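Pasted below: protein-v1.txt, compact mmCIF, C-alpha atoms.
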# COMPACT_ATOMS: atom_id res chain seq x y z
CA MET A 1 44.11 -88.64 33.75
CA GLY A 2 44.98 -85.73 31.59
CA PHE A 3 47.22 -84.41 28.86
CA ASP A 4 50.95 -84.31 29.61
CA ALA A 5 54.11 -83.06 27.94
CA ASN A 6 57.73 -82.81 29.04
CA ILE A 7 59.92 -79.99 27.74
CA TYR A 8 63.69 -80.53 27.80
CA ILE A 9 65.88 -77.40 28.07
CA LYS A 10 69.69 -77.38 28.22
CA LYS A 11 70.99 -76.13 31.59
CA ASN A 12 74.11 -74.60 30.10
CA LEU A 13 72.03 -72.23 27.93
CA TYR A 14 69.29 -71.02 30.32
CA THR A 15 68.70 -70.60 34.02
CA LYS A 16 65.55 -71.41 35.95
CA LYS A 17 65.00 -67.68 36.36
CA ASP A 18 65.05 -67.17 32.57
CA ILE A 19 62.46 -69.89 32.09
CA GLU A 20 60.27 -68.56 34.92
CA GLU A 21 60.35 -65.07 33.38
CA LEU A 22 59.22 -66.51 30.06
CA LEU A 23 56.30 -68.28 31.76
CA LEU A 24 55.30 -65.05 33.50
CA LEU A 25 55.44 -63.22 30.15
CA LEU A 26 53.12 -65.89 28.72
CA GLY A 27 50.52 -64.95 31.36
CA TYR A 28 51.08 -67.66 33.95
CA GLU A 29 50.74 -67.01 37.68
CA LYS A 30 53.34 -68.43 40.01
CA ARG A 31 51.73 -70.50 42.75
CA ASP A 32 54.45 -71.90 44.98
CA LYS A 33 56.41 -74.17 42.58
CA VAL A 34 53.72 -74.37 39.91
CA PHE A 35 52.91 -71.90 37.16
CA TYR A 36 49.16 -71.85 36.43
CA PHE A 37 47.10 -70.33 33.63
CA GLY A 38 43.30 -70.39 33.74
CA ASN A 39 40.20 -69.14 35.58
CA ASP A 40 39.47 -66.31 33.21
CA ARG A 41 36.33 -64.19 33.06
CA GLU A 42 35.54 -65.12 29.47
CA TYR A 43 34.76 -68.78 30.31
CA LYS A 44 37.47 -70.08 28.02
CA HIS A 45 39.50 -72.18 30.43
CA LEU A 46 37.87 -74.96 32.44
CA SER A 47 40.77 -76.75 34.12
CA GLY A 48 43.62 -74.48 33.08
CA VAL A 49 47.23 -75.37 32.33
CA ALA A 50 49.96 -76.09 34.90
CA VAL A 51 53.70 -75.94 34.21
CA TYR A 52 56.32 -77.01 36.74
CA LEU A 53 59.89 -78.20 37.00
CA SER A 54 59.74 -81.99 37.13
CA ASP A 55 61.25 -83.78 40.12
CA TYR A 56 61.06 -87.16 38.40
CA HIS A 57 63.81 -86.48 35.87
CA ASP A 58 67.21 -86.02 37.47
CA ASN A 59 69.29 -85.02 34.50
CA ASP A 60 72.49 -83.04 34.98
CA ASP A 61 72.37 -81.58 31.47
CA GLU A 62 68.71 -80.58 31.10
CA TYR A 63 65.82 -79.02 32.94
CA VAL A 64 62.61 -80.94 32.42
CA TYR A 65 59.45 -78.86 32.65
CA HIS A 66 56.15 -80.67 32.81
CA VAL A 67 53.02 -79.24 31.15
CA ARG A 68 49.75 -80.69 32.42
CA MET A 69 46.03 -80.29 31.75
CA LEU A 70 43.20 -82.28 33.25
CA TYR A 71 41.20 -84.57 31.01
CA HIS A 72 38.18 -82.28 31.39
CA CYS A 73 39.65 -79.23 29.73
CA THR A 74 38.55 -76.96 26.94
CA ASP A 75 40.13 -76.50 23.55
CA TYR A 76 41.40 -73.15 24.86
CA ASP A 77 43.36 -75.02 27.55
CA VAL A 78 44.88 -77.27 24.91
CA LYS A 79 45.68 -74.29 22.68
CA LYS A 80 47.38 -72.49 25.61
CA ALA A 81 49.46 -75.59 26.36
CA ASN A 82 50.52 -75.82 22.71
CA ASP A 83 51.39 -72.10 22.68
CA THR A 84 53.45 -72.55 25.85
CA ILE A 85 55.32 -75.53 24.44
CA ARG A 86 55.88 -73.72 21.14
CA SER A 87 57.27 -70.63 22.92
CA MET A 88 59.58 -72.64 25.16
CA LYS A 89 60.78 -74.64 22.18
CA LYS A 90 61.47 -71.48 20.17
CA TYR A 91 62.96 -69.21 22.84
CA CYS A 92 64.77 -71.84 24.93
CA ASN A 93 66.02 -74.05 22.09
CA ALA A 94 64.15 -76.97 23.62
CA TRP A 95 62.56 -80.21 22.46
CA PHE A 96 59.53 -81.93 23.96
CA GLU A 97 57.59 -85.16 24.27
CA SER A 98 53.82 -85.07 24.58
CA ASP A 99 51.18 -87.77 24.76
CA GLU A 100 51.06 -87.42 20.96
CA GLY A 101 54.78 -88.23 20.53
CA LYS A 102 58.16 -86.52 20.24
CA ASN A 103 57.81 -82.87 19.12
CA ARG A 104 54.09 -83.46 18.43
CA TYR A 105 51.57 -80.90 19.66
CA PHE A 106 48.16 -81.72 21.14
CA GLN A 107 45.20 -81.68 18.79
CA TYR A 108 42.13 -79.62 19.55
CA GLY A 109 38.84 -78.79 17.92
CA GLU A 110 36.75 -75.71 17.36
CA LEU A 111 37.18 -72.83 19.82
CA VAL A 112 33.76 -71.91 21.24
CA CYS A 113 33.44 -68.26 22.31
CA GLY A 114 32.19 -66.38 25.37
CA ALA A 115 28.70 -66.97 26.71
CA GLU A 116 28.21 -70.11 24.65
CA ASN A 117 31.20 -71.68 26.38
CA GLY A 118 29.83 -70.49 29.75
CA CYS A 119 26.57 -72.33 29.01
CA TYR A 120 28.51 -75.54 28.39
CA PHE A 121 30.31 -75.09 31.72
CA SER A 122 27.02 -74.53 33.57
CA ALA A 123 25.31 -77.49 31.93
CA GLU A 124 28.28 -79.76 32.63
CA ARG A 125 28.41 -78.74 36.29
CA ALA A 126 24.64 -79.23 36.65
CA CYS A 127 24.91 -82.67 35.06
CA TYR A 128 27.71 -83.72 37.42
CA ASN A 129 25.85 -82.38 40.46
CA LEU A 130 22.75 -84.39 39.52
CA TYR A 131 24.95 -87.46 38.99
CA TYR A 132 26.51 -87.06 42.47
CA LEU A 133 23.08 -86.46 43.98
CA LYS A 134 21.79 -89.69 42.46
CA HIS A 135 24.68 -91.67 43.95
CA ALA A 136 24.31 -89.95 47.33
CA LEU A 137 20.63 -90.92 47.44
CA LYS A 138 21.52 -94.55 46.69
CA LYS A 139 23.73 -94.49 49.77
CA TYR A 140 20.68 -94.02 52.01
CA PRO A 141 18.03 -96.56 50.91
CA GLU A 142 15.57 -95.55 53.65
CA ASP A 143 15.03 -92.26 51.82
CA SER A 144 13.56 -93.78 48.68
CA GLU A 145 11.33 -90.84 47.71
CA GLY A 146 14.22 -88.78 46.35
CA GLU A 147 15.72 -91.75 44.54
CA GLN A 148 12.39 -92.56 42.89
CA LEU A 149 12.16 -88.96 41.66
CA LEU A 150 15.62 -89.15 40.09
CA ASN A 151 14.81 -92.53 38.52
CA GLU A 152 11.72 -90.97 36.93
CA TRP A 153 13.98 -88.35 35.35
CA GLY A 154 16.20 -91.11 34.02
CA GLU A 155 19.93 -91.06 33.32
CA PHE A 156 21.43 -87.62 32.91
CA ARG A 157 23.89 -86.95 30.16
CA LEU A 158 25.37 -83.66 29.12
CA THR A 159 23.72 -83.87 25.70
CA ASP A 160 20.30 -84.39 27.30
CA LEU A 161 20.81 -81.47 29.62
CA MET A 162 21.97 -79.25 26.76
CA GLN A 163 18.68 -79.97 24.94
CA ILE A 164 16.91 -78.17 27.80
CA PHE A 165 18.96 -75.02 27.23
CA ILE A 166 18.58 -74.97 23.43
Rewrite the structure of this file - the entire thing - as structure tokens.
Amino acid sequence: MGFDANIYIKKNLYTKKDIEELLLLLGYEKRDKVFYFGNDREYKHLSGVAVYLSDYHDNDDEYVYHVRMLYHCTDYDVKKANDTIRSMKKYCNAWFESDEGKNRYFQYGELVCGAENGCYFSAERACYNLYYLKHALKKYPEDSEGEQLLNEWGEFRLTDLMQIFI
């Protein structure tokens, strides 16, 4: 699951090299056949954004580049994907289809800054680790002491865990 968009660029106007140079100028790193943006030091990007030439669309007239973000992404990831699509549309005379529709950008909310965003990342990871621990303890019923302790704590949700930090 995630957010997806396909960008259609005419082959007779641009080469793959032109498009790759544009992606590099936008700050993407080339990793084999995928261009990736994320993992910054300001805790803005959780999953990052991936852009790659799609193998599923064999069209003789157009290149089809696929933009993808995981479902668990930040608003900064969504904003970066929109900026990428907007730049490719403008500089490559392209059109696109996203999950929102034809030539419709992804919607995102408020951009949370710096350390505050880092706290959300930490709390979310802690919540998921406790969730996985609870399921791992259920796998071994002979070790009921640990499971009883987690049941005393109750169900963990991100909002409950964030109350601890506030």
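Atom to atom, atom CA of Thr15 of chain A and atom CA of Glu29 of chain A stand 18.7 Å apart.
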Quick one: residues within 9 Å of Lys11 of chain A, all atoms listed in the file counted, chain neighbours fewer than 5 positions away excluded, as a compact mmCIF listing (two decimals) with C-alpha atoms, in the frame of the given file?
# COMPACT_ATOMS: atom_id res chain seq x y z
CA LYS A 16 65.55 -71.41 35.95
CA ASP A 60 72.49 -83.04 34.98
CA ASP A 61 72.37 -81.58 31.47
CA GLU A 62 68.71 -80.58 31.10
CA TYR A 63 65.82 -79.02 32.94
query = Which residues, written as a PyMOL selection string, have at least one atom at most 12 Å from Ile85 of chain A, with all atoms listed in the file counted and residues fewer than 5 positions away on the same chain left out?
reply = chain A and resi 4-9+19+22-23+26+49-51+65-68+78-80+90-98+103-106
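Take atom CA of Asp75 of chain A and atom CA of Glu110 of chain A: the distance between them is 7.1 Å.
Using all atoms listed in the file, the residues found no farther than 7 Å from Thr74 of chain A, other than those of its own chain fewer than 3 positions away, are His45, Leu46, Asp77 and Val78 of chain A.
Computed from the coordinates, the atom CA of Arg125 of chain A to atom CA of Gly48 of chain A distance equals 16.1 Å.
Shortest separation to Lys30 of chain A among A:Asn59, A:Ala136, A:Ser122, A:Tyr52 occurs at residue A:Tyr52, atoms counted being all atoms listed in the file.
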